[in-house]
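Pasting my_file_21.pdb here (PDB, C-alpha atoms and all ligand atoms):
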ATOM      1  CA  MET A   1      12.289 -26.897   8.285
ATOM      2  CA  SER A   2      12.040 -23.100   7.938
ATOM      3  CA  ASP A   3       8.654 -21.454   8.529
ATOM      4  CA  ARG A   4       6.975 -20.772   5.182
ATOM      5  CA  TYR A   5       5.432 -17.500   4.024
ATOM      6  CA  ALA A   6       4.532 -16.215   0.561
ATOM      7  CA  LEU A   7       2.948 -13.514  -1.535
ATOM      8  CA  ILE A   8      -0.258 -14.707  -3.182
ATOM      9  CA  GLY A   9      -1.759 -12.895  -6.174
ATOM     10  CA  ASN A  10      -2.175 -13.019  -9.925
ATOM     11  CA  PRO A  11       0.286 -12.097 -11.336
ATOM     12  CA  VAL A  12       3.108 -12.204  -8.748
ATOM     13  CA  ALA A  13       6.252 -12.906 -10.761
ATOM     14  CA  HIS A  14       7.347  -9.216 -10.782
ATOM     15  CA  SER A  15       7.344  -8.915  -6.959
ATOM     16  CA  LYS A  16      10.249  -7.629  -4.854
ATOM     17  CA  SER A  17       8.666  -9.046  -1.658
ATOM     18  CA  PRO A  18      10.753 -12.282  -1.528
ATOM     19  CA  SER A  19      14.034 -10.352  -1.565
ATOM     20  CA  ILE A  20      12.729  -7.833   1.014
ATOM     21  CA  HIS A  21      11.631 -10.593   3.424
ATOM     22  CA  ALA A  22      14.850 -12.552   2.847
ATOM     23  CA  GLU A  23      16.800  -9.434   3.920
ATOM     24  CA  PHE A  24      14.564  -8.970   6.980
ATOM     25  CA  ALA A  25      14.987 -12.645   7.967
ATOM     26  CA  ARG A  26      18.774 -12.509   7.563
ATOM     27  CA  ALA A  27      19.084  -9.275   9.549
ATOM     28  CA  THR A  28      16.863 -10.452  12.424
ATOM     29  CA  GLY A  29      18.058 -14.081  12.488
ATOM     30  CA  GLN A  30      14.569 -15.446  11.824
ATOM     31  CA  ASP A  31      14.393 -18.902  10.240
ATOM     32  CA  LEU A  32      11.863 -18.476   7.442
ATOM     33  CA  GLU A  33      11.459 -18.679   3.697
ATOM     34  CA  TYR A  34       9.237 -16.422   1.608
ATOM     35  CA  GLY A  35       8.052 -17.429  -1.851
ATOM     36  CA  LEU A  36       5.528 -16.566  -4.538
ATOM     37  CA  VAL A  37       2.171 -18.277  -5.071
ATOM     38  CA  GLU A  38       0.154 -17.488  -8.190
ATOM     39  CA  ALA A  39      -3.496 -18.414  -7.545
ATOM     40  CA  PRO A  40      -5.977 -18.967 -10.384
ATOM     41  CA  LEU A  41      -8.495 -16.116 -10.544
ATOM     42  CA  ASP A  42     -11.304 -18.451  -9.459
ATOM     43  CA  GLY A  43      -9.197 -20.415  -6.953
ATOM     44  CA  PHE A  44      -7.985 -18.054  -4.224
ATOM     45  CA  ALA A  45      -9.553 -19.784  -1.190
ATOM     46  CA  ALA A  46      -8.496 -23.266  -2.349
ATOM     47  CA  THR A  47      -4.918 -22.095  -2.965
ATOM     48  CA  VAL A  48      -4.743 -20.485   0.496
ATOM     49  CA  GLU A  49      -6.021 -23.705   2.069
ATOM     50  CA  ARG A  50      -3.450 -25.832   0.184
ATOM     51  CA  PHE A  51      -0.641 -23.534   1.351
ATOM     52  CA  ARG A  52      -1.912 -23.692   4.961
ATOM     53  CA  ALA A  53      -2.366 -27.483   4.884
ATOM     54  CA  GLY A  54       1.216 -27.802   3.589
ATOM     55  CA  GLY A  55       2.492 -26.028   6.712
ATOM     56  CA  GLY A  56       2.393 -22.417   5.457
ATOM     57  CA  LYS A  57       2.340 -19.866   8.291
ATOM     58  CA  GLY A  58       1.339 -16.643   6.587
ATOM     59  CA  LEU A  59       0.539 -14.905   3.309
ATOM     60  CA  ASN A  60       0.738 -11.435   1.893
ATOM     61  CA  VAL A  61      -2.125 -10.818  -0.506
ATOM     62  CA  THR A  62      -1.962  -8.712  -3.647
ATOM     63  CA  LEU A  63      -4.165  -7.978  -6.672
ATOM     64  CA  PRO A  64      -6.836  -9.050  -7.298
ATOM     65  CA  PHE A  65      -7.529 -10.956  -4.040
ATOM     66  CA  LYS A  66      -7.365  -8.403  -1.180
ATOM     67  CA  GLN A  67     -11.155  -8.074  -0.870
ATOM     68  CA  GLU A  68     -11.646 -11.853  -1.110
ATOM     69  CA  ALA A  69      -9.030 -12.321   1.612
ATOM     70  CA  PHE A  70     -10.998  -9.908   3.822
ATOM     71  CA  ARG A  71     -14.137 -12.052   3.433
ATOM     72  CA  LEU A  72     -12.161 -15.222   4.171
ATOM     73  CA  CYS A  73     -10.769 -14.105   7.549
ATOM     74  CA  ALA A  74     -12.187 -15.275  10.882
ATOM     75  CA  ARG A  75     -10.978 -12.039  12.507
ATOM     76  CA  VAL A  76      -9.561  -8.793  11.129
ATOM     77  CA  SER A  77      -7.753  -5.756  12.533
ATOM     78  CA  GLU A  78      -9.450  -2.382  12.781
ATOM     79  CA  ARG A  79      -7.365  -1.071   9.886
ATOM     80  CA  ALA A  80      -8.356  -4.034   7.677
ATOM     81  CA  ARG A  81     -12.006  -3.440   8.558
ATOM     82  CA  HIS A  82     -11.713   0.201   7.514
ATOM     83  CA  ALA A  83     -10.033  -0.818   4.270
ATOM     84  CA  GLN A  84     -12.346  -3.808   3.740
ATOM     85  CA  ALA A  85      -9.251  -5.447   2.292
ATOM     86  CA  VAL A  86      -6.631  -7.782   3.765
ATOM     87  CA  LYS A  87      -2.976  -7.662   2.824
ATOM     88  CA  THR A  88      -1.465  -9.889   5.551
ATOM     89  CA  LEU A  89      -2.890 -13.262   6.626
ATOM     90  CA  VAL A  90      -1.894 -15.240   9.728
ATOM     91  CA  LEU A  91      -2.933 -18.749   8.745
ATOM     92  CA  GLU A  92      -2.885 -20.442  12.175
ATOM     93  CA  THR A  93      -5.547 -18.066  13.516
ATOM     94  CA  GLY A  94      -7.346 -16.835  10.375
ATOM     95  CA  PHE A  95      -6.403 -13.244  11.317
ATOM     96  CA  GLY A  96      -6.206 -10.596   8.592
ATOM     97  CA  ASP A  97      -4.509  -7.194   8.639
ATOM     98  CA  ASN A  98      -3.935  -4.345   6.220
ATOM     99  CA  THR A  99      -0.417  -2.917   6.329
ATOM    100  CA  ASP A 100      -0.544  -0.490   3.359
ATOM    101  CA  GLY A 101      -1.622   2.539   5.395
ATOM    102  CA  ILE A 102       1.039   2.222   8.063
ATOM    103  CA  GLY A 103       3.561   1.525   5.288
ATOM    104  CA  LEU A 104       2.748   4.816   3.549
ATOM    105  CA  VAL A 105       2.673   6.847   6.762
ATOM    106  CA  ARG A 106       6.009   5.423   8.005
ATOM    107  CA  ASP A 107       7.636   6.130   4.647
ATOM    108  CA  LEU A 108       6.395   9.733   4.781
ATOM    109  CA  SER A 109       7.349  10.343   8.407
ATOM    110  CA  GLN A 110      10.507   8.258   8.886
ATOM    111  CA  ASN A 111      12.152   7.981   5.466
ATOM    112  CA  LEU A 112      11.011  11.229   3.847
ATOM    113  CA  ASN A 113      10.683  13.222   7.094
ATOM    114  CA  TYR A 114       7.580  14.935   5.691
ATOM    115  CA  ARG A 115       4.827  16.471   7.827
ATOM    116  CA  PHE A 116       1.430  17.104   6.264
ATOM    117  CA  ARG A 117      -2.034  18.310   7.197
ATOM    118  CA  THR A 118      -3.999  18.330   3.937
ATOM    119  CA  VAL A 119      -4.060  15.423   1.493
ATOM    120  CA  LEU A 120      -5.398  14.938  -2.016
ATOM    121  CA  LEU A 121      -5.685  11.183  -2.620
ATOM    122  CA  LEU A 122      -5.951  10.143  -6.271
ATOM    123  CA  GLY A 123      -7.686   6.794  -6.809
ATOM    124  CA  ALA A 124     -10.196   4.728  -4.859
ATOM    125  CA  GLY A 125      -9.034   1.163  -5.507
ATOM    126  CA  GLY A 126      -7.535  -1.305  -3.043
ATOM    127  CA  ALA A 127      -4.434   0.773  -2.341
ATOM    128  CA  ALA A 128      -6.373   3.983  -1.671
ATOM    129  CA  GLN A 129      -8.788   2.101   0.586
ATOM    130  CA  GLY A 130      -5.883   0.862   2.671
ATOM    131  CA  VAL A 131      -4.410   4.296   3.408
ATOM    132  CA  VAL A 132      -7.259   6.712   4.270
ATOM    133  CA  GLY A 133      -7.554   5.613   7.910
ATOM    134  CA  ALA A 134      -3.789   5.779   8.456
ATOM    135  CA  LEU A 135      -3.524   9.267   6.921
ATOM    136  CA  LEU A 136      -6.216  10.499   9.319
ATOM    137  CA  GLU A 137      -4.553   8.790  12.277
ATOM    138  CA  ALA A 138      -1.257  10.411  11.296
ATOM    139  CA  GLY A 139      -2.882  13.826  11.753
ATOM    140  CA  ALA A 140      -4.332  14.766   8.370
ATOM    141  CA  THR A 141      -6.948  17.449   8.966
ATOM    142  CA  LYS A 142      -8.374  17.251   5.456
ATOM    143  CA  VAL A 143      -8.505  14.347   3.011
ATOM    144  CA  VAL A 144     -10.119  14.684  -0.416
ATOM    145  CA  ILE A 145     -10.409  11.590  -2.625
ATOM    146  CA  ALA A 146     -10.576  12.074  -6.405
ATOM    147  CA  ASN A 147     -11.258   9.163  -8.711
ATOM    148  CA  ARG A 148     -12.091   8.552 -12.370
ATOM    149  CA  THR A 149     -15.156   6.567 -11.238
ATOM    150  CA  VAL A 150     -16.577   9.078  -8.747
ATOM    151  CA  SER A 151     -18.978   6.617  -7.126
ATOM    152  CA  ARG A 152     -16.000   4.564  -5.848
ATOM    153  CA  ALA A 153     -14.463   7.681  -4.286
ATOM    154  CA  GLU A 154     -17.811   8.539  -2.680
ATOM    155  CA  GLU A 155     -18.231   5.028  -1.292
ATOM    156  CA  LEU A 156     -14.725   5.167   0.231
ATOM    157  CA  ALA A 157     -15.117   8.709   1.621
ATOM    158  CA  GLN A 158     -18.349   7.890   3.424
ATOM    159  CA  ARG A 159     -16.542   5.342   5.623
ATOM    160  CA  PHE A 160     -14.566   8.195   7.248
ATOM    161  CA  PRO A 161     -16.151  11.254   8.893
ATOM    162  CA  GLY A 162     -14.970  14.500   7.292
ATOM    163  CA  VAL A 163     -13.415  12.898   4.196
ATOM    164  CA  SER A 164     -14.858  14.116   0.873
ATOM    165  CA  ALA A 165     -14.913  12.826  -2.690
ATOM    166  CA  CYS A 166     -14.882  14.444  -6.123
ATOM    167  CA  SER A 167     -14.121  13.874  -9.784
ATOM    168  CA  TYR A 168     -10.953  15.199 -11.440
ATOM    169  CA  GLU A 169     -13.124  17.824 -13.127
ATOM    170  CA  SER A 170     -14.431  19.138  -9.796
ATOM    171  CA  LEU A 171     -11.249  19.259  -7.683
ATOM    172  CA  PRO A 172     -11.486  21.938  -4.970
ATOM    173  CA  GLU A 173      -9.519  25.071  -5.811
ATOM    174  CA  GLU A 174      -7.131  24.955  -2.878
ATOM    175  CA  ALA A 175      -3.592  23.877  -2.111
ATOM    176  CA  PHE A 176      -2.731  20.493  -0.538
ATOM    177  CA  ASP A 177       0.461  19.606   1.370
ATOM    178  CA  LEU A 178       0.511  16.075   0.029
ATOM    179  CA  ILE A 179      -0.825  14.539  -3.189
ATOM    180  CA  VAL A 180      -0.790  10.733  -3.200
ATOM    181  CA  ASN A 181      -1.261   8.990  -6.520
ATOM    182  CA  ALA A 182      -2.860   5.674  -5.535
ATOM    183  CA  THR A 183      -4.014   4.910  -9.081
ATOM    184  CA  SER A 184      -2.418   2.323 -11.337
ATOM    185  CA  ALA A 185      -2.323   4.879 -14.198
ATOM    186  CA  GLY A 186       1.484   5.102 -14.040
ATOM    187  CA  LEU A 187       1.855   1.420 -14.888
ATOM    188  CA  GLY A 188       0.492   2.286 -18.358
ATOM    189  CA  ASP A 189       2.487   5.530 -18.582
ATOM    190  CA  GLU A 190      -0.657   7.545 -17.958
ATOM    191  CA  THR A 191      -1.471  10.064 -15.244
ATOM    192  CA  PRO A 192      -4.639  11.115 -13.466
ATOM    193  CA  PRO A 193      -5.536  14.581 -14.791
ATOM    194  CA  VAL A 194      -4.332  16.812 -11.935
ATOM    195  CA  PRO A 195      -3.851  20.445 -13.021
ATOM    196  CA  SER A 196      -0.235  21.652 -12.760
ATOM    197  CA  SER A 197      -1.447  24.450 -10.457
ATOM    198  CA  PHE A 198      -1.704  21.790  -7.700
ATOM    199  CA  LEU A 199       1.961  20.896  -8.063
ATOM    200  CA  SER A 200       4.202  23.518  -6.488
ATOM    201  CA  SER A 201       7.361  23.592  -4.386
ATOM    202  CA  LYS A 202       5.139  23.407  -1.274
ATOM    203  CA  VAL A 203       3.830  19.931  -2.175
ATOM    204  CA  LEU A 204       5.105  16.399  -1.842
ATOM    205  CA  ALA A 205       3.847  14.387  -4.827
ATOM    206  CA  TYR A 206       3.905  10.696  -3.925
ATOM    207  CA  ASP A 207       3.238   7.901  -6.429
ATOM    208  CA  MET A 208       2.606   4.417  -5.014
ATOM    209  CA  VAL A 209       3.993   2.921  -8.224
ATOM    210  CA  TYR A 210       7.711   2.280  -7.769
ATOM    211  CA  GLY A 211      10.817   1.657  -9.806
ATOM    212  CA  ARG A 212      10.098   4.256 -12.489
ATOM    213  CA  GLU A 213       9.337   7.947 -12.868
ATOM    214  CA  THR A 214       5.649   7.961 -13.753
ATOM    215  CA  PRO A 215       4.143  10.802 -15.825
ATOM    216  CA  PHE A 216       2.583  12.082 -12.567
ATOM    217  CA  LEU A 217       5.984  12.301 -10.848
ATOM    218  CA  ALA A 218       7.606  13.802 -13.960
ATOM    219  CA  ALA A 219       4.946  16.552 -14.098
ATOM    220  CA  ALA A 220       5.368  17.209 -10.364
ATOM    221  CA  ARG A 221       9.155  17.433 -10.667
ATOM    222  CA  ARG A 222       8.849  19.873 -13.598
ATOM    223  CA  ALA A 223       6.521  22.018 -11.469
ATOM    224  CA  GLY A 224       9.110  22.148  -8.669
ATOM    225  CA  ALA A 225       7.344  19.764  -6.253
ATOM    226  CA  ARG A 226       9.198  17.321  -4.052
ATOM    227  CA  THR A 227       8.559  13.770  -5.334
ATOM    228  CA  SER A 228       8.717  10.169  -4.155
ATOM    229  CA  ASP A 229       7.849   6.820  -5.650
ATOM    230  CA  GLY A 230       6.259   4.027  -3.568
ATOM    231  CA  LEU A 231       9.323   1.850  -2.897
ATOM    232  CA  GLY A 232       9.581   3.044   0.707
ATOM    233  CA  MET A 233       5.913   2.227   1.271
ATOM    234  CA  LEU A 234       6.499  -1.269  -0.115
ATOM    235  CA  VAL A 235       9.379  -1.896   2.292
ATOM    236  CA  GLU A 236       7.571  -0.361   5.295
ATOM    237  CA  GLN A 237       4.361  -2.355   4.749
ATOM    238  CA  ALA A 238       6.489  -5.509   4.410
ATOM    239  CA  ALA A 239       8.199  -4.705   7.732
ATOM    240  CA  GLU A 240       4.813  -4.369   9.411
ATOM    241  CA  ALA A 241       3.707  -7.747   7.980
ATOM    242  CA  PHE A 242       6.968  -9.258   9.253
ATOM    243  CA  PHE A 243       6.171  -7.846  12.712
ATOM    244  CA  VAL A 244       2.605  -9.239  12.616
ATOM    245  CA  TRP A 245       3.975 -12.698  11.797
ATOM    246  CA  ARG A 246       7.178 -12.843  13.870
ATOM    247  CA  GLY A 247       6.783 -10.221  16.616
ATOM    248  CA  VAL A 248      10.108  -8.737  15.512
ATOM    249  CA  ARG A 249      10.465  -5.346  13.808
ATOM    250  CA  PRO A 250      13.199  -5.359  11.155
ATOM    251  CA  GLU A 251      15.197  -2.255  10.244
ATOM    252  CA  THR A 252      13.972  -0.914   6.925
ATOM    253  CA  ARG A 253      16.563   1.700   5.922
ATOM    254  CA  PRO A 254      19.334  -0.730   4.869
ATOM    255  CA  VAL A 255      16.847  -2.742   2.799
ATOM    256  CA  LEU A 256      15.465   0.362   1.130
ATOM    257  CA  ALA A 257      18.968   1.646   0.417
ATOM    258  CA  LYS A 258      19.939  -1.720  -1.103
ATOM    259  CA  LEU A 259      16.830  -1.776  -3.325
ATOM    260  CA  ARG A 260      17.566   1.761  -4.487
ATOM    261  CA  GLY A 261      21.127   0.711  -5.239
ATOM    262  CA  SER A 262      22.569   3.402  -2.945
TER     263      SER A 262
HETATM  264  P1  LIG B 301      -6.924  -1.140  -8.172
HETATM  265  O1  LIG B 301      -7.714  -1.623  -7.011
HETATM  266  O2  LIG B 301      -7.018  -1.855  -9.487
HETATM  267  O3  LIG B 301      -7.346   0.398  -8.411
HETATM  268  C1  LIG B 301      -6.833   1.122  -9.487
HETATM  269  C2  LIG B 301      -7.147   2.604  -9.315
HETATM  270  O4  LIG B 301      -6.486   3.332 -10.365
HETATM  271  C3  LIG B 301      -8.633   2.941  -9.430
HETATM  272  O5  LIG B 301      -8.916   4.048  -8.602
HETATM  273  C4  LIG B 301      -8.750   3.356 -10.925
HETATM  274  O6  LIG B 301      -9.842   4.221 -11.185
HETATM  275  C5  LIG B 301      -7.445   4.102 -11.102
HETATM  276  N1  LIG B 301      -6.960   4.197 -12.488
HETATM  277  C6  LIG B 301      -6.482   3.180 -13.248
HETATM  278  N2  LIG B 301      -6.083   3.660 -14.449
HETATM  279  C7  LIG B 301      -6.318   5.011 -14.432
HETATM  280  C8  LIG B 301      -6.121   6.058 -15.372
HETATM  281  N3  LIG B 301      -5.586   5.824 -16.577
HETATM  282  N4  LIG B 301      -6.457   7.319 -15.015
HETATM  283  C9  LIG B 301      -6.984   7.566 -13.786
HETATM  284  N5  LIG B 301      -7.211   6.613 -12.855
HETATM  285  C10 LIG B 301      -6.879   5.337 -13.177
HETATM  286  O7  LIG B 301      -5.357  -1.083  -7.835
HETATM  287  P2  LIG B 301      -4.717  -0.816  -6.386
HETATM  288  O8  LIG B 301      -4.564  -2.069  -5.648
HETATM  289  O9  LIG B 301      -5.484   0.301  -5.763
HETATM  290  O10 LIG B 301      -3.248  -0.342  -6.786
HETATM  291  C11 LIG B 301      -3.023   0.936  -7.350
HETATM  292  C12 LIG B 301      -1.538   1.123  -7.573
HETATM  293  O11 LIG B 301      -0.854   1.212  -6.331
HETATM  294  C13 LIG B 301      -0.898  -0.043  -8.339
HETATM  295  O12 LIG B 301      -0.050   0.515  -9.308
HETATM  296  C14 LIG B 301      -0.100  -0.792  -7.288
HETATM  297  O13 LIG B 301       1.047  -1.394  -7.827
HETATM  298  C15 LIG B 301       0.268   0.343  -6.340
HETATM  299  N6  LIG B 301       0.488  -0.119  -4.954
HETATM  300  C16 LIG B 301       1.705   0.125  -4.392
HETATM  301  C17 LIG B 301       1.934  -0.257  -3.087
HETATM  302  C18 LIG B 301       3.267   0.029  -2.449
HETATM  303  O14 LIG B 301       3.561  -0.562  -1.406
HETATM  304  N7  LIG B 301       4.065   0.911  -3.022
HETATM  305  C19 LIG B 301       0.933  -0.901  -2.338
HETATM  306  C20 LIG B 301      -0.300  -1.117  -2.947
HETATM  307  C21 LIG B 301      -0.499  -0.719  -4.268
HETATM  308  P3  LIG B 301     -11.317   3.614 -11.464
HETATM  309  O15 LIG B 301     -11.880   3.298 -10.108
HETATM  310  O16 LIG B 301     -12.022   4.720 -12.135
HETATM  311  O17 LIG B 301     -11.125   2.397 -12.333
END
Before we go any further, please render this structure as structure tokens.
Ligand code: NAP
Amino acid sequence: MSDRYALIGNPVAHSKSPSIHAEFARATGQDLEYGLVEAPLDGFAATVERFRAGGGKGLNVTLPFKQEAFRLCARVSERARHAQAVKTLVLETGFGDNTDGIGLVRDLSQNLNYRFRTVLLLGAGGAAQGVVGALLEAGATKVVIANRTVSRAEELAQRFPGVSACSYESLPEEAFDLIVNATSAGLGDETPPVPSSFLSSKVLAYDMVYGRETPFLAAARRAGARTSDGLGMLVEQAAEAFFVWRGVRPETRPVLAKLRGS
């Protein structure tokens, strides 16, 4: 029987993860299947245990369970501890990891070939929490976190020396190399209120939402900024999870190209 993995969340039906992992498995000759598990909102731990008891080897965790997964783990990686959220579970050992940050950084450096020093991070939810440490490790000299609920940005910033927090009304009047939209605003066709003066041809505007041009990306494109959605991050974080589980690093470019239909 193939080794079993899955994405667990609520909802999960929309996910591209099964097709990404199926491509990775085919390309690397790994015998595994990857499915979807929708857990009831009050039944995450029990659903994980049922999957494990049925022979499941590993899980990717998505909304709204990443923080609960962190609390469930016997042992976590440094990057999961910084994020206080777990995205990849190894069920045999109870180990938890967070692969969002490395996913974003690899997309920026390897797929988009973009070098940056200063970063404005919009949002302070699970996705933002997962990427601050990786942005700093990748060489960011300045990271400012802006969020609608400022207290969440402040709580996140204080975990990292030198990182600061602000509201959208009090954004510092300076240019950033990279603006990452880690809010879910784009899912509802909304945008965090970033003044157009921040969006110039010297900026990469990156939206973690994928598969559509969000209002944030549309405004950035109109202002002459380079833009990217979050599909590359999705594929890169999946590749890192695959490596954590199987010890094999799949090639991401062909999978990304296939998903983009190019
Ligand atoms: P989350 O924990 O629910 O956090 C949502 C964030 O968005 C919070 O900071 C929230 O601000 C902000 N927000 C929501 N609506 C807003 C609006 N209308 N205006 C301004 N801010 C708004 O969600 P998450 O897990 O961080 O995920 C965020 C997004 O990233 C989702 O769209 C998700 O699909 C995407 N994502 C993509 C990848 C990838 O691989 N590409 C990976 C992870 C996540 P408040 O704190 O004020 O509520």
Q. Within 12 Å of Tyr34 of chain A, counting only C-alpha atoms, which residues qualify if same-chain residues fewer than 2 places away don't, as a PyMOL selection string?
A. chain A and resi 2-8+15-26+30-32+36-37+56-60+238+242
(Q) Report, in Å to a single decimal, how far apart atom CA of Glu190 of chain A and atom CA of Tyr168 of chain A are. (A)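 Straight-line distance from atom CA of Tyr168 of chain A to atom CA of Glu190 of chain A works out to 14.4 Å.
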Quick one: which chain A residues come within 8 Å of ligand LIG 301 (chain B), and what is the nearest atom pair for each with the distance in Å to one decimal, counting all atoms listed in the file, rows ordered by chain and ascending number, as a Markdown table?
| residue | atom | partner | partner_atom | distance |
| --- | --- | --- | --- | --- |
| A:Thr62 | CA | B:LIG301 | O8 | 7.4 |
| A:Leu63 | CA | B:LIG301 | O8 | 6.0 |
| A:Pro64 | CA | B:LIG301 | O1 | 7.5 |
| A:Asp100 | CA | B:LIG301 | C19 | 5.9 |
| A:Gly103 | CA | B:LIG301 | O14 | 7.0 |
| A:Leu104 | CA | B:LIG301 | O14 | 7.4 |
| A:Leu122 | CA | B:LIG301 | O5 | 7.2 |
| A:Gly123 | CA | B:LIG301 | O5 | 3.5 |
| A:Ala124 | CA | B:LIG301 | O5 | 4.0 |
| A:Gly125 | CA | B:LIG301 | O1 | 3.4 |
| A:Gly126 | CA | B:LIG301 | O9 | 3.8 |
| A:Ala127 | CA | B:LIG301 | O9 | 3.6 |
| A:Ala128 | CA | B:LIG301 | O9 | 5.6 |
| A:Gln129 | CA | B:LIG301 | O9 | 7.4 |
| A:Asn147 | CA | B:LIG301 | O5 | 5.6 |
| A:Arg148 | CA | B:LIG301 | O16 | 3.8 |
| A:Thr149 | CA | B:LIG301 | O16 | 3.7 |
| A:Val150 | CA | B:LIG301 | O16 | 7.2 |
| A:Arg152 | CA | B:LIG301 | O15 | 6.1 |
| A:Ala153 | CA | B:LIG301 | O15 | 7.7 |
| A:Asn181 | CA | B:LIG301 | O11 | 7.8 |
| A:Ala182 | CA | B:LIG301 | O11 | 5.0 |
| A:Thr183 | CA | B:LIG301 | O4 | 3.2 |
| A:Ser184 | CA | B:LIG301 | O12 | 3.6 |
| A:Ala185 | CA | B:LIG301 | N2 | 4.0 |
| A:Gly186 | CA | B:LIG301 | O12 | 6.8 |
| A:Leu187 | CA | B:LIG301 | O12 | 6.0 |
| A:Gly188 | CA | B:LIG301 | N3 | 7.3 |
| A:Glu190 | CA | B:LIG301 | N3 | 5.4 |
| A:Thr191 | CA | B:LIG301 | N4 | 5.7 |
| A:Pro192 | CA | B:LIG301 | C9 | 4.3 |
| A:Pro193 | CA | B:LIG301 | C9 | 7.2 |
| A:Asp207 | CA | B:LIG301 | N7 | 7.8 |
| A:Met208 | CA | B:LIG301 | N7 | 4.3 |
| A:Val209 | CA | B:LIG301 | O12 | 4.8 |
| A:Tyr210 | CA | B:LIG301 | N7 | 6.1 |
| A:Asp229 | CA | B:LIG301 | N7 | 7.5 |
| A:Gly230 | CA | B:LIG301 | N7 | 3.8 |
| A:Leu231 | CA | B:LIG301 | N7 | 5.3 |
| A:Gly232 | CA | B:LIG301 | N7 | 7.0 |
| A:Met233 | CA | B:LIG301 | O14 | 4.5 |
| A:Leu234 | CA | B:LIG301 | O14 | 3.3 |
| A:Val235 | CA | B:LIG301 | O14 | 7.0 |
| A:Glu236 | CA | B:LIG301 | O14 | 7.8 |
| A:Gln237 | CA | B:LIG301 | O14 | 6.5 |
Q) Of the candidates A:Asn98, A:Ser262, A:Gln67, A:Thr93, which one gets nearest to Arg79 of chain A if we count only C-alpha atoms? A)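 When distances to Arg79 of chain A are compared using only C-alpha atoms, the smallest one comes from A:Asn98.
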Q) Which distance in Å separates atom CA of Ala138 of chain A and atom CA of Pro215 of chain A, to one decimal? A) 27.7 Å
